[in-house]
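Participant: Following this message is one structure expressed as structure tokens.
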Amino acid sequence: MFRKILIANRGEIALRIARACRDMGIATVAVHSTADADSMHVRLADESVCIGPPAARDSYLNRAAILSAATIAGADAIHPGLGFLAEDASFASMVEEHGFGFIGPTPEHIALMGDKIAAKRAAVAAGLPVVPGSDGPVYADSEARRLASEIGYPVLIKAAGGGGGKGMQRADGPNDLERALSVARREAAANFGSDAVYLERYLDRPRHIEVQILADHHGAAVHLGERDCSLQRRFQKVLEEAPSPALTAEERERIGSRAAEAVRAIGYRGVGTIEFLWTEGTFYFIEMNTRLQVEHPITEMITGIDLVREQIRVAAGEPLGYGQEAVRFQGHAIECRINAENPRTFAPSPGRVTQYHAPGGPGVRVDSALYDGSFVPPYYDSLVAKLVVHAPNREECRMRLRRALGEFVIGGIDTNLDLHRALIEDGDFVAGRYDIHWLERWMRST
Amino acid sequence: MFRKILIANRGEIALRIARACRDMGIATVAVHSTADADSMHVRLADESVCIGPPAARDSYLNRAAILSAATIAGADAIHPGLGFLAEDASFASMVEEHGFGFIGPTPEHIALMGDKIAAKRAAVAAGLPVVPGSDGPVYADSEARRLASEIGYPVLIKAAGGGGGKGMQRADGPNDLERALSVARREAAANFGSDAVYLERYLDRPRHIEVQILADHHGAAVHLGERDCSLQRRFQKVLEEAPSPALTAEERERIGSRAAEAVRAIGYRGVGTIEFLWTEGTFYFIEMNTRLQVEHPITEMITGIDLVREQIRVAAGEPLGYGQEAVRFQGHAIECRINAENPRTFAPSPGRVTQYHAPGGPGVRVDSALYDGSFVPPYYDSLVAKLVVHAPNREECRMRLRRALGEFVIGGIDTNLDLHRALIEDGDFVAGRYDIHWLERWMRST
Amino acid sequence: MTTKFDVDADMIRRLASLIDETGLTEIEYDDGTRKIRVARALAPVAAQVASAAPQPMQSGDQPQMQPAPQVVDAGHPGAVTAPMVGTAYLQPDPQAPQFVNVGDRVEKGDTLLIIEAMKVMNQIPSPRSGTVRQILVTNGHPVEYGEVLMIID
Amino acid sequence: MTTKFDVDADMIRRLASLIDETGLTEIEYDDGTRKIRVARALAPVAAQVASAAPQPMQSGDQPQMQPAPQVVDAGHPGAVTAPMVGTAYLQPDPQAPQFVNVGDRVEKGDTLLIIEAMKVMNQIPSPRSGTVRQILVTNGHPVEYGEVLMIID
């Protein structure tokens, strides 16, 4: 087992990882920018090293500084957290070349899943259903036209190197195709340095459902059920729940088993998430995230499995030690992402936290690096807290969430607490009736 | 189901009950003394009524004021919490006479278990093992001498109306008996208004093990496993854990079943705790608490059952709806009672809380009415927070507890946080090797 | 304690309309020497979400008993506070006139009102001799312990 | 920035002995115009329990690199701070003399020390001309980004 882990991240996820390390008796090294010197992830680490100025490219994305910090602190492994360098294959390689354990998959798997076309091909090879579309990049307009009529309109044109909705265009019919292709290519080139695009069938009002998987270095893999992350605003998840209110037990078991099989087929190791669009009983692979996910706690709540502990354990070479039959699902869990943002403009709201009181009591978990008097710097992500609630069933969970949201006090900065308070009262949410466009429609209507 | 519940208590337990009500969609009425006007249990209630000045006898023990508050607020049930009027049979009667639901057992059961000799007789009749001793009060010294030699020295002389260690004397042999009797009688008369005493065998270094039971109004009863509450200082529990590190699975199942059977036999309803001394594989009934217990959360953590919700449900006449086989035990839980007290003298430490930060992350629950800027009044109990930690096994639970204790910040008042931090590092605690006298021995030696 | 307490009714009316206009539930204003607080409790809705954020103490029944912005200061030298929780009656029986009216001169020990608690009618005597300046309770409505019932000075 | 910063060595020594005497890890003193902070980081123990309570930032390796009470103020007008994290070397090679010594006169651009990061030896030039007043790093020991290496004015 690792003796000392450097956590190459900040905020609540750095704290989450530090907590897992402490629970396992592993010493921790925090790295931080000058803007984060007083932050909770630094306070709760055994050691800390300042690695650069506020700008992320000079600190949390500074590979050399992080490796130097690991060297001088005598760490034997590096946890990349999520965001920043977590899905940077070259960083993973450097970490291993310098003799540290990398708490994540191999650089090859990171690279494979980072290339959206290669990932889709790998998914097909591993037996996962994908959205019907082109097999690879589409260069000629004529080829695009032929493929689009095969796939059936509307079609979606997506950047091969892409993500986050950039370089994505919808074409409703043949007359619309040329325009959509040229806009998508231009955006792809501007954002990802390559104008390669591919075609996919456009799905109307699907749900975003993802399967958590966990694999060791010895070929064992299990799935930990699904999460429904359909409530999104501008491709950013806002509230997630597990299990999905839409799936039947049979669908859950089927997609879970196929995800675990796929992971075994490609020889993946560590934690990972396979994301699907789901509509009318059919799943379509969209991508795989080769890291811990922000919303991992809801899976922890319904399975009782500490995902970060398991991730560290398998990264150290330990065998999983249990099979799929040992994974039991109990109750329902919901996570609200609490962002420091203006409730109307959604602009980030950095500043000094003048009041902080987290909810407590049964079934309530808060993962947050905030404290009374802490400072939310303007340089990074606006996610400042995750409120995670667990109860025996979905409605009890929603009632408990309502109670916990009522107890939560964050003063001095703007947050989206009120958005969550309103959202969970909506009739469609109460009924579990929503798709990936629902939240934006709802926000326009309220 | 009740529509509006008045919570006749304060502090963390009032908050705990209010949370259960909110989770169930039941409106709450807080009552409070003038000293508690800004307290968290008032802030989080739907309505609040000031019922008197700071002294508990004029507010939280003021039966007429509480019933008037329930009347003017239109409550349909009263939850007494624990302490104050929770085990006052005459209050329970008055509540029912005034047409409110009483969330607790019948006045008759409260009265039965409040009389220590009657309770012991009821336990024998219900088939529970008791500490060998006199069948009832012992008046003549000659009778005491005959009984003591039958029971075998050392013997314990206890007040019939007693509790809390008052009116309790140990006699090591026949020559010591007369002194012990006269001291115990004098203390019993002074503390409980009656000099009636009874005799029991003195058990050397037993553990305090209690079984949580839950019964509906229709004859159904289950046990929710045991709690080990042996770590005590002056008869006050300090840290509790479930399951007990000492019991075998067979012992657990045996004492649990017998407790549930006893409860069915006496027709008890609601939640209750049957307390035993345990030594070398044998249980001895000592008393039954006819209310919610401070340490109930550790049972909630290992069973996933919300005890306060269940208590409210059965008080409203709902059937339990499940049998013993539905009660599953998962993992290990520990509770630390965080008291506002001087770490050396153990004198209460009331005052303004200038910093408050509760630990978070997986497996950590905090029940506390503290907040940054809150005031701990000098009039009431010094318990200000309960830190409850859950993990798959005892050692992981201990490690997680260590981490959570490290994260807990309470400034402005003295607390016993450091006592807990030191206690859980002790080799005997790590091994689960302790009895009811261990903590006091340990505190003398450190 | 200030030697003289002058209730500025206009100021209270202004603050009350500000409460209406802004949707606030409480305004507190402190100029260093004097402090004024006005609050309007909100009607409770079934299972409303309570907030842990500091807020004025509120009883769900207060909207009925105190529809007007409420100015309560138990520290007022003329305050007569409720010695118990219960229901206030300003008349000995529904047909009778009130025990006292604003402007009346009362002697220490004169009955001001009745508080019914647990079916017992408790006569509340005046703690001092003086003039009834304000009656802050409504006939037949509940009062909390410590609530200001009347101002007599 | 103050126009002139006078390091009061005696004061620092006094605070250091106060740290010894009291078992504190940090003393900060602010007289309204000036602020002084001295800290002594504690050696980490394996799996020690971290505390969320405010405490001086500490690196587990600092006790080795800075056994003496550390006076760090990156705002000092003469401060030369580390532009990267790494290991500091005061000599070009183990046999050679130090690049600079206390009391030396240096020109802007003169090499003050080397910081090794990722096997690369980075020569750190003096940001200004002046006299070396203090050298705050120990040869062969790690430095963090932003740490004060020397005082040159």
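The chains in the structure tokens are called A, B, ... from first to last as shown; in each chain the residues are counted from 1, and the ligands are counted from 1 in the order shown.
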Using only C-alpha atoms, I'd like a table of the residues in chain B that come within 12 Å of chain D; for each, show the closest atom pair and its distance in Å rounded to one decimal, ordered by chain and ascending number, as CSV.
Facilitator:
```
residue,atom,partner,partner_atom,distance
B:Gln355,CA,D:Ala53,CA,9.1
B:Tyr356,CA,D:Ala53,CA,9.6
B:His357,CA,D:Ala52,CA,8.0
B:Ala358,CA,D:Ala52,CA,9.3
B:Pro359,CA,D:Ala52,CA,8.6
B:Gly360,CA,D:Ala52,CA,11.1
B:Met399,CA,D:Val49,CA,9.9
B:Arg400,CA,D:Val49,CA,10.6
B:Leu401,CA,D:Val49,CA,10.4
B:Arg402,CA,D:Val49,CA,6.9
B:Arg403,CA,D:Val49,CA,6.3
B:Ala404,CA,D:Val49,CA,9.1
B:Leu405,CA,D:Ser51,CA,8.2
B:Gly406,CA,D:Ser51,CA,4.6
B:Glu407,CA,D:Ala52,CA,4.6
B:Phe408,CA,D:Ala52,CA,6.7
B:Val409,CA,D:Ala53,CA,5.8
B:Ile410,CA,D:Ala53,CA,8.7
B:Gly411,CA,D:Ala53,CA,9.0
B:Leu417,CA,D:Ser51,CA,11.7
B:Asp418,CA,D:Ser51,CA,11.5
B:Arg421,CA,D:Val49,CA,8.9
B:Ala422,CA,D:Val49,CA,11.0
B:Ile424,CA,D:Val49,CA,11.9
B:Glu425,CA,D:Val49,CA,11.0
```
Participant: Could you produce a table of the residues of chain B lying within 8 Å of chain A, with the nearest pair of atoms per residue and their separation in Å rounded to one decimal, using only C-alpha atoms, ordered by chain and increasing residue number, as a Markdown table?
Facilitator:
```
| residue | atom | partner | partner_atom | distance |
| --- | --- | --- | --- | --- |
| B:Arg16 | CA | A:Gly361 | CA | 6.6 |
| B:Arg19 | CA | A:Arg403 | CA | 7.2 |
| B:Arg22 | CA | A:Arg403 | CA | 6.1 |
| B:Asp23 | CA | A:Arg400 | CA | 4.8 |
| B:Met24 | CA | A:Met399 | CA | 7.1 |
| B:Gly25 | CA | A:Met399 | CA | 7.3 |
| B:Leu44 | CA | A:Glu407 | CA | 7.5 |
| B:Pro297 | CA | A:Pro362 | CA | 7.8 |
| B:Gly304 | CA | A:Pro392 | CA | 7.9 |
| B:Asp306 | CA | A:Pro362 | CA | 7.6 |
| B:Gln355 | CA | A:Asp372 | CA | 7.9 |
| B:His357 | CA | A:Tyr371 | CA | 6.8 |
| B:Ala358 | CA | A:Ala358 | CA | 7.6 |
| B:Gly360 | CA | A:Val366 | CA | 5.5 |
| B:Gly361 | CA | A:Asp367 | CA | 5.1 |
| B:Pro362 | CA | A:Arg365 | CA | 6.6 |
| B:Gly363 | CA | A:Arg365 | CA | 7.9 |
| B:Val364 | CA | A:Arg365 | CA | 7.2 |
| B:Arg365 | CA | A:Gly361 | CA | 6.1 |
| B:Val366 | CA | A:Gly360 | CA | 5.5 |
| B:Asp367 | CA | A:Gly361 | CA | 5.1 |
| B:Ser368 | CA | A:Gly360 | CA | 7.6 |
| B:Tyr371 | CA | A:His357 | CA | 6.8 |
| B:Asp372 | CA | A:His357 | CA | 7.7 |
| B:Pro392 | CA | A:Gly304 | CA | 7.9 |
| B:Glu396 | CA | A:Asp23 | CA | 6.7 |
| B:Met399 | CA | A:Asp23 | CA | 5.1 |
| B:Arg400 | CA | A:Asp23 | CA | 4.8 |
| B:Arg403 | CA | A:Arg22 | CA | 6.1 |
| B:Glu407 | CA | A:Leu44 | CA | 7.5 |
```
Participant: Using only C-alpha atoms, which residues sit within 12 Å of Gly136 (chain A) once same-chain residues fewer than 6 positions away are excluded, as a VMD selection string?
Facilitator: chain A and resid 115 to 122 143 to 144 147 157 to 161 196 to 200
Participant: How would the residues just chosen look if you wrote them out with all heavy atoms as a compact mmCIF listing (two decimals), in the first residue's frame?
Facilitator:
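Ended up saving to part-v3.txt:
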```
# COMPACT_ATOMS: atom_id res chain seq x y z
N ASP A 115 -9.93 10.37 -27.22
CA ASP A 115 -10.22 10.53 -28.64
C ASP A 115 -11.62 9.98 -28.87
O ASP A 115 -11.86 8.78 -28.78
CB ASP A 115 -9.17 9.76 -29.45
CG ASP A 115 -9.45 9.78 -30.95
OD1 ASP A 115 -10.62 9.95 -31.37
OD2 ASP A 115 -8.49 9.61 -31.72
N LYS A 116 -12.59 10.88 -29.14
CA LYS A 116 -14.00 10.48 -29.13
C LYS A 116 -14.32 9.42 -30.19
O LYS A 116 -15.16 8.55 -29.98
CB LYS A 116 -14.90 11.70 -29.32
CG LYS A 116 -14.72 12.76 -28.22
CD LYS A 116 -14.97 12.20 -26.84
CE LYS A 116 -14.39 13.09 -25.74
NZ LYS A 116 -14.34 12.44 -24.43
N ILE A 117 -13.64 9.51 -31.36
CA ILE A 117 -13.91 8.52 -32.41
C ILE A 117 -13.30 7.16 -32.04
O ILE A 117 -13.95 6.12 -32.15
CB ILE A 117 -13.39 9.02 -33.77
CG1 ILE A 117 -14.22 10.24 -34.21
CG2 ILE A 117 -13.44 7.92 -34.82
CD1 ILE A 117 -13.77 10.88 -35.51
N ALA A 118 -12.06 7.19 -31.54
CA ALA A 118 -11.42 5.94 -31.13
C ALA A 118 -12.21 5.29 -29.99
O ALA A 118 -12.37 4.06 -29.95
CB ALA A 118 -9.98 6.21 -30.69
N ALA A 119 -12.70 6.13 -29.07
CA ALA A 119 -13.46 5.61 -27.93
C ALA A 119 -14.73 4.91 -28.41
O ALA A 119 -15.09 3.83 -27.93
CB ALA A 119 -13.82 6.76 -26.98
N LYS A 120 -15.37 5.51 -29.40
CA LYS A 120 -16.62 4.94 -29.91
C LYS A 120 -16.33 3.59 -30.60
O LYS A 120 -17.06 2.62 -30.41
CB LYS A 120 -17.25 5.93 -30.89
CG LYS A 120 -18.74 5.73 -31.09
CD LYS A 120 -19.35 6.90 -31.86
CE LYS A 120 -20.68 6.47 -32.45
NZ LYS A 120 -21.31 7.54 -33.24
N ARG A 121 -15.21 3.55 -31.35
CA ARG A 121 -14.83 2.28 -31.98
C ARG A 121 -14.54 1.22 -30.93
O ARG A 121 -14.93 0.06 -31.06
CB ARG A 121 -13.60 2.48 -32.87
CG ARG A 121 -13.93 3.19 -34.17
CD ARG A 121 -12.70 3.29 -35.03
NE ARG A 121 -13.00 4.01 -36.26
CZ ARG A 121 -12.14 4.83 -36.88
NH1 ARG A 121 -10.91 5.01 -36.39
NH2 ARG A 121 -12.49 5.42 -37.99
N ALA A 122 -13.83 1.62 -29.86
CA ALA A 122 -13.51 0.67 -28.79
C ALA A 122 -14.78 0.17 -28.12
O ALA A 122 -14.89 -1.01 -27.78
CB ALA A 122 -12.58 1.32 -27.76
N GLU A 143 -19.85 12.73 -48.79
CA GLU A 143 -19.87 11.57 -47.89
C GLU A 143 -20.83 11.84 -46.72
O GLU A 143 -21.62 10.98 -46.33
CB GLU A 143 -18.45 11.31 -47.37
CG GLU A 143 -18.28 9.98 -46.67
CD GLU A 143 -16.97 9.90 -45.89
OE1 GLU A 143 -16.13 10.82 -46.06
OE2 GLU A 143 -16.82 8.95 -45.11
N ALA A 144 -20.75 13.07 -46.22
CA ALA A 144 -21.63 13.46 -45.11
C ALA A 144 -23.09 13.35 -45.53
O ALA A 144 -23.93 12.85 -44.79
CB ALA A 144 -21.31 14.89 -44.67
N LEU A 147 -24.09 9.66 -45.70
CA LEU A 147 -24.21 9.09 -44.35
C LEU A 147 -25.45 9.61 -43.63
O LEU A 147 -26.17 8.86 -42.97
CB LEU A 147 -22.96 9.44 -43.53
CG LEU A 147 -21.73 8.56 -43.79
CD1 LEU A 147 -20.49 9.21 -43.21
CD2 LEU A 147 -21.95 7.18 -43.17
N ILE A 157 -23.60 16.88 -35.86
CA ILE A 157 -22.21 16.89 -36.33
C ILE A 157 -21.35 17.26 -35.13
O ILE A 157 -21.60 18.26 -34.45
CB ILE A 157 -22.05 17.90 -37.47
CG1 ILE A 157 -22.95 17.46 -38.63
CG2 ILE A 157 -20.59 17.99 -37.93
CD1 ILE A 157 -23.46 18.61 -39.44
N LYS A 158 -20.37 16.39 -34.80
CA LYS A 158 -19.59 16.58 -33.58
C LYS A 158 -18.10 16.60 -33.86
O LYS A 158 -17.62 15.89 -34.76
CB LYS A 158 -19.89 15.44 -32.58
CG LYS A 158 -21.33 15.44 -32.09
CD LYS A 158 -21.70 14.17 -31.34
CE LYS A 158 -21.27 14.21 -29.90
NZ LYS A 158 -21.81 13.02 -29.17
N ALA A 159 -17.36 17.39 -33.09
CA ALA A 159 -15.91 17.48 -33.24
C ALA A 159 -15.28 16.18 -32.73
O ALA A 159 -15.62 15.69 -31.65
CB ALA A 159 -15.37 18.66 -32.44
N ALA A 160 -14.31 15.65 -33.49
CA ALA A 160 -13.65 14.41 -33.09
C ALA A 160 -12.84 14.59 -31.81
O ALA A 160 -12.75 13.70 -30.98
CB ALA A 160 -12.75 13.91 -34.22
N GLY A 161 -12.25 15.75 -31.66
CA GLY A 161 -11.41 15.98 -30.47
C GLY A 161 -12.18 16.64 -29.34
O GLY A 161 -11.58 17.04 -28.35
N ALA A 196 -11.57 17.94 -37.73
CA ALA A 196 -12.21 16.64 -37.96
C ALA A 196 -13.54 16.57 -37.23
O ALA A 196 -13.63 16.89 -36.04
CB ALA A 196 -11.29 15.51 -37.50
N VAL A 197 -14.59 16.16 -37.97
CA VAL A 197 -15.91 16.01 -37.36
C VAL A 197 -16.48 14.64 -37.73
O VAL A 197 -15.99 13.98 -38.64
CB VAL A 197 -16.90 17.12 -37.83
CG1 VAL A 197 -16.43 18.49 -37.37
CG2 VAL A 197 -17.08 17.07 -39.35
N TYR A 198 -17.48 14.20 -36.99
CA TYR A 198 -18.16 12.96 -37.33
C TYR A 198 -19.67 13.16 -37.15
O TYR A 198 -20.10 14.17 -36.60
CB TYR A 198 -17.62 11.78 -36.52
CG TYR A 198 -17.81 11.88 -35.03
CD1 TYR A 198 -18.76 11.08 -34.36
CD2 TYR A 198 -17.03 12.74 -34.25
CE1 TYR A 198 -18.91 11.15 -33.00
CE2 TYR A 198 -17.19 12.81 -32.88
CZ TYR A 198 -18.14 12.02 -32.26
OH TYR A 198 -18.30 12.10 -30.91
N LEU A 199 -20.43 12.19 -37.67
CA LEU A 199 -21.90 12.33 -37.67
C LEU A 199 -22.54 11.31 -36.72
O LEU A 199 -22.08 10.19 -36.57
CB LEU A 199 -22.44 12.05 -39.09
CG LEU A 199 -22.73 13.28 -39.95
CD1 LEU A 199 -21.45 14.05 -40.21
CD2 LEU A 199 -23.38 12.85 -41.27
N GLU A 200 -23.63 11.76 -36.10
CA GLU A 200 -24.40 10.87 -35.22
C GLU A 200 -25.88 11.18 -35.37
O GLU A 200 -26.23 12.33 -35.62
CB GLU A 200 -24.02 11.10 -33.75
CG GLU A 200 -22.99 10.15 -33.23
CD GLU A 200 -22.73 10.38 -31.75
OE1 GLU A 200 -23.45 11.15 -31.10
OE2 GLU A 200 -21.78 9.75 -31.26
```
Participant: Among the residues of region 106-212 of chain A, find those DSSP assigns to strand (DSSP E) from the backbone and print them as a ChimeraX atom specification.
Facilitator: /A:155-163,166-171,197-201,207-212
Participant: Find the spatial neighbours of region 222-235 of chain B, counting only C-alpha atoms, within a cut-off of 9 Å - ignore same-chain residues fewer than 3 positions away - and output them as a PyMOL selection string.
Facilitator: chain B and resi 164-165+206-215+238-246+252-253+255-257+259-261+263+295-296+298-300+302-303+305+320+322-324+327-329+434-440
Participant: Please provide as a ChimeraX atom specification all residues within 9 Å of Pro80 (chain A), with the sequence filter that same-chain residues fewer than 6 positions apart are discarded (counting only C-alpha atoms).
Facilitator: /A:6-9,14,86-87,92,102-104,291
Participant: Work out how far apart CA of Val29 (chain A) and CA of Tyr379 (chain A) are and give it in Å to one decimal.
Facilitator: 21.7 Å
Participant: Fewer than 5 positions away in the same chain doesn't count, so skip those; otherwise give me all residues within 8 Å of Lys108 (chain C), counting only C-alpha atoms, as a tab-separated table (two decimals) with C-alpha atoms, in the first residue's frame.
Facilitator:
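To be explicit, this is the file written out as out.tsv:
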```tsv
chain	number	residue	atom	x	y	z
C	125	PRO	CA	-52.46	42.17	37.89
C	126	SER	CA	-50.79	45.44	36.96
C	127	PRO	CA	-47.21	45.44	38.24
C	128	ARG	CA	-47.32	49.21	38.80
C	129	SER	CA	-49.59	52.20	38.99
C	130	GLY	CA	-49.78	54.32	35.85
```
Participant: Env of region 147-152 of chain C: 10 Å cut, atoms = only C-alpha atoms, seq-sep filter 6 positions within chain, self excluded. Answer as a ChimeraX atom specification.
Facilitator: /B:50 /C:71-85,88,102-106,112-113,126-138
Participant: For the residues in the current selection, export N, CA, C and O atoms as a short mmCIF file (atom, residue, chain, number, x, y, z; two decimals), in the first residue's frame.
Facilitator:
```cif
data_model
loop_
_atom_site.label_atom_id
_atom_site.label_comp_id
_atom_site.auth_asym_id
_atom_site.auth_seq_id
_atom_site.Cartn_x
_atom_site.Cartn_y
_atom_site.Cartn_z
N CYS B 50 -42.42 30.63 23.24
CA CYS B 50 -41.60 30.79 24.45
C CYS B 50 -42.45 30.35 25.64
O CYS B 50 -43.58 30.80 25.80
N VAL C 71 -44.19 45.68 17.30
CA VAL C 71 -43.06 46.33 17.94
C VAL C 71 -43.00 45.82 19.36
O VAL C 71 -43.84 46.17 20.18
N VAL C 72 -42.06 44.98 19.63
CA VAL C 72 -42.01 44.35 20.93
C VAL C 72 -40.67 44.68 21.56
O VAL C 72 -39.63 44.46 20.95
N ASP C 73 -40.68 45.22 22.73
CA ASP C 73 -39.43 45.40 23.45
C ASP C 73 -39.70 45.17 24.91
O ASP C 73 -40.21 46.04 25.61
N ALA C 74 -39.35 43.95 25.35
CA ALA C 74 -39.62 43.59 26.74
C ALA C 74 -38.78 44.44 27.69
O ALA C 74 -39.04 44.49 28.88
N GLY C 75 -37.78 45.14 27.13
CA GLY C 75 -36.94 45.99 27.96
C GLY C 75 -37.53 47.37 28.17
O GLY C 75 -37.01 48.18 28.92
N HIS C 76 -38.62 47.66 27.53
CA HIS C 76 -39.31 48.94 27.70
C HIS C 76 -39.67 49.10 29.17
O HIS C 76 -40.19 48.17 29.78
N PRO C 77 -39.41 50.25 29.75
CA PRO C 77 -39.65 50.38 31.21
C PRO C 77 -41.13 50.25 31.57
O PRO C 77 -41.46 49.91 32.69
N GLY C 78 -42.02 50.47 30.62
CA GLY C 78 -43.45 50.36 30.93
C GLY C 78 -44.05 49.03 30.53
O GLY C 78 -45.26 48.82 30.66
N ALA C 79 -43.20 48.09 30.05
CA ALA C 79 -43.73 46.83 29.52
C ALA C 79 -44.32 45.96 30.63
O ALA C 79 -43.74 45.82 31.71
N VAL C 80 -45.48 45.40 30.35
CA VAL C 80 -46.06 44.36 31.21
C VAL C 80 -45.99 43.07 30.38
O VAL C 80 -46.57 43.00 29.29
N THR C 81 -45.22 42.08 30.87
CA THR C 81 -45.00 40.88 30.07
C THR C 81 -45.82 39.72 30.59
O THR C 81 -46.21 39.68 31.76
N ALA C 82 -46.07 38.75 29.69
CA ALA C 82 -46.89 37.60 30.05
C ALA C 82 -46.11 36.68 30.99
O ALA C 82 -45.00 36.28 30.66
N PRO C 83 -46.66 36.35 32.12
CA PRO C 83 -45.97 35.46 33.06
C PRO C 83 -46.15 33.99 32.70
O PRO C 83 -45.62 33.12 33.38
N MET C 84 -46.91 33.71 31.66
CA MET C 84 -47.14 32.32 31.25
C MET C 84 -47.62 32.33 29.82
O MET C 84 -48.01 33.36 29.27
N VAL C 85 -47.59 31.15 29.22
CA VAL C 85 -48.10 31.00 27.87
C VAL C 85 -49.59 30.64 27.97
O VAL C 85 -49.99 29.94 28.90
N ALA C 88 -55.05 35.02 25.79
CA ALA C 88 -55.35 36.28 26.49
C ALA C 88 -56.81 36.69 26.31
O ALA C 88 -57.36 36.59 25.20
N VAL C 102 -56.95 51.82 26.59
CA VAL C 102 -55.84 52.77 26.44
C VAL C 102 -56.27 54.11 27.01
O VAL C 102 -57.38 54.59 26.76
N GLY C 103 -55.37 54.69 27.82
CA GLY C 103 -55.67 55.99 28.44
C GLY C 103 -56.14 55.85 29.87
O GLY C 103 -56.10 56.82 30.64
N ASP C 104 -56.57 54.64 30.26
CA ASP C 104 -57.04 54.44 31.64
C ASP C 104 -55.90 54.59 32.63
O ASP C 104 -54.77 54.23 32.36
N ARG C 105 -56.27 55.07 33.78
CA ARG C 105 -55.36 55.12 34.91
C ARG C 105 -55.55 53.82 35.70
O ARG C 105 -56.69 53.43 35.97
N VAL C 106 -54.47 53.09 35.98
CA VAL C 106 -54.62 51.86 36.78
C VAL C 106 -53.73 51.93 38.01
O VAL C 106 -52.72 52.63 38.03
N LEU C 112 -55.51 43.44 34.72
CA LEU C 112 -55.36 44.00 33.37
C LEU C 112 -56.03 43.12 32.34
O LEU C 112 -56.60 43.59 31.37
N LEU C 113 -55.87 41.83 32.52
CA LEU C 113 -56.44 40.85 31.57
C LEU C 113 -56.37 39.48 32.21
O LEU C 113 -55.88 39.33 33.33
N SER C 126 -51.74 44.43 37.41
CA SER C 126 -50.79 45.44 36.96
C SER C 126 -49.60 45.46 37.91
O SER C 126 -49.78 45.48 39.13
N PRO C 127 -48.38 45.45 37.38
CA PRO C 127 -47.21 45.44 38.24
C PRO C 127 -46.91 46.82 38.82
O PRO C 127 -46.06 46.96 39.69
N ARG C 128 -47.60 47.85 38.32
CA ARG C 128 -47.32 49.21 38.80
C ARG C 128 -48.56 50.09 38.58
O ARG C 128 -49.46 49.72 37.82
N SER C 129 -48.55 51.21 39.24
CA SER C 129 -49.59 52.20 38.99
C SER C 129 -49.17 53.07 37.81
O SER C 129 -47.98 53.31 37.61
N GLY C 130 -50.14 53.49 37.01
CA GLY C 130 -49.78 54.32 35.85
C GLY C 130 -50.92 54.39 34.86
O GLY C 130 -52.06 54.03 35.17
N THR C 131 -50.56 54.82 33.64
CA THR C 131 -51.56 54.98 32.59
C THR C 131 -51.32 53.91 31.50
O THR C 131 -50.18 53.65 31.14
N VAL C 132 -52.43 53.34 31.02
CA VAL C 132 -52.31 52.34 29.96
C VAL C 132 -52.01 53.07 28.64
O VAL C 132 -52.86 53.83 28.15
N ARG C 133 -50.79 52.88 28.12
CA ARG C 133 -50.39 53.57 26.89
C ARG C 133 -50.72 52.74 25.65
O ARG C 133 -51.07 53.29 24.63
N GLN C 134 -50.54 51.44 25.75
CA GLN C 134 -50.78 50.57 24.60
C GLN C 134 -51.28 49.23 25.09
O GLN C 134 -50.86 48.75 26.14
N ILE C 135 -52.16 48.63 24.30
CA ILE C 135 -52.56 47.24 24.54
C ILE C 135 -52.11 46.45 23.33
O ILE C 135 -52.51 46.75 22.19
N LEU C 136 -51.20 45.51 23.53
CA LEU C 136 -50.54 44.86 22.41
C LEU C 136 -51.08 43.48 22.09
O LEU C 136 -50.61 42.81 21.18
N VAL C 137 -52.05 43.03 22.90
CA VAL C 137 -52.63 41.71 22.62
C VAL C 137 -54.05 41.88 22.08
O VAL C 137 -54.69 42.90 22.30
N THR C 138 -54.47 40.85 21.36
CA THR C 138 -55.83 40.86 20.81
C THR C 138 -56.66 39.86 21.60
O THR C 138 -56.18 38.78 21.94
#
```
Participant: Could you find all residues in region 125-288 of chain B that DSSP calls helix (DSSP H, G or I) from the backbone, and write them as an MDAnalysis selection string?
Facilitator: chainID B and resid 125 141:151 174:192 249:266
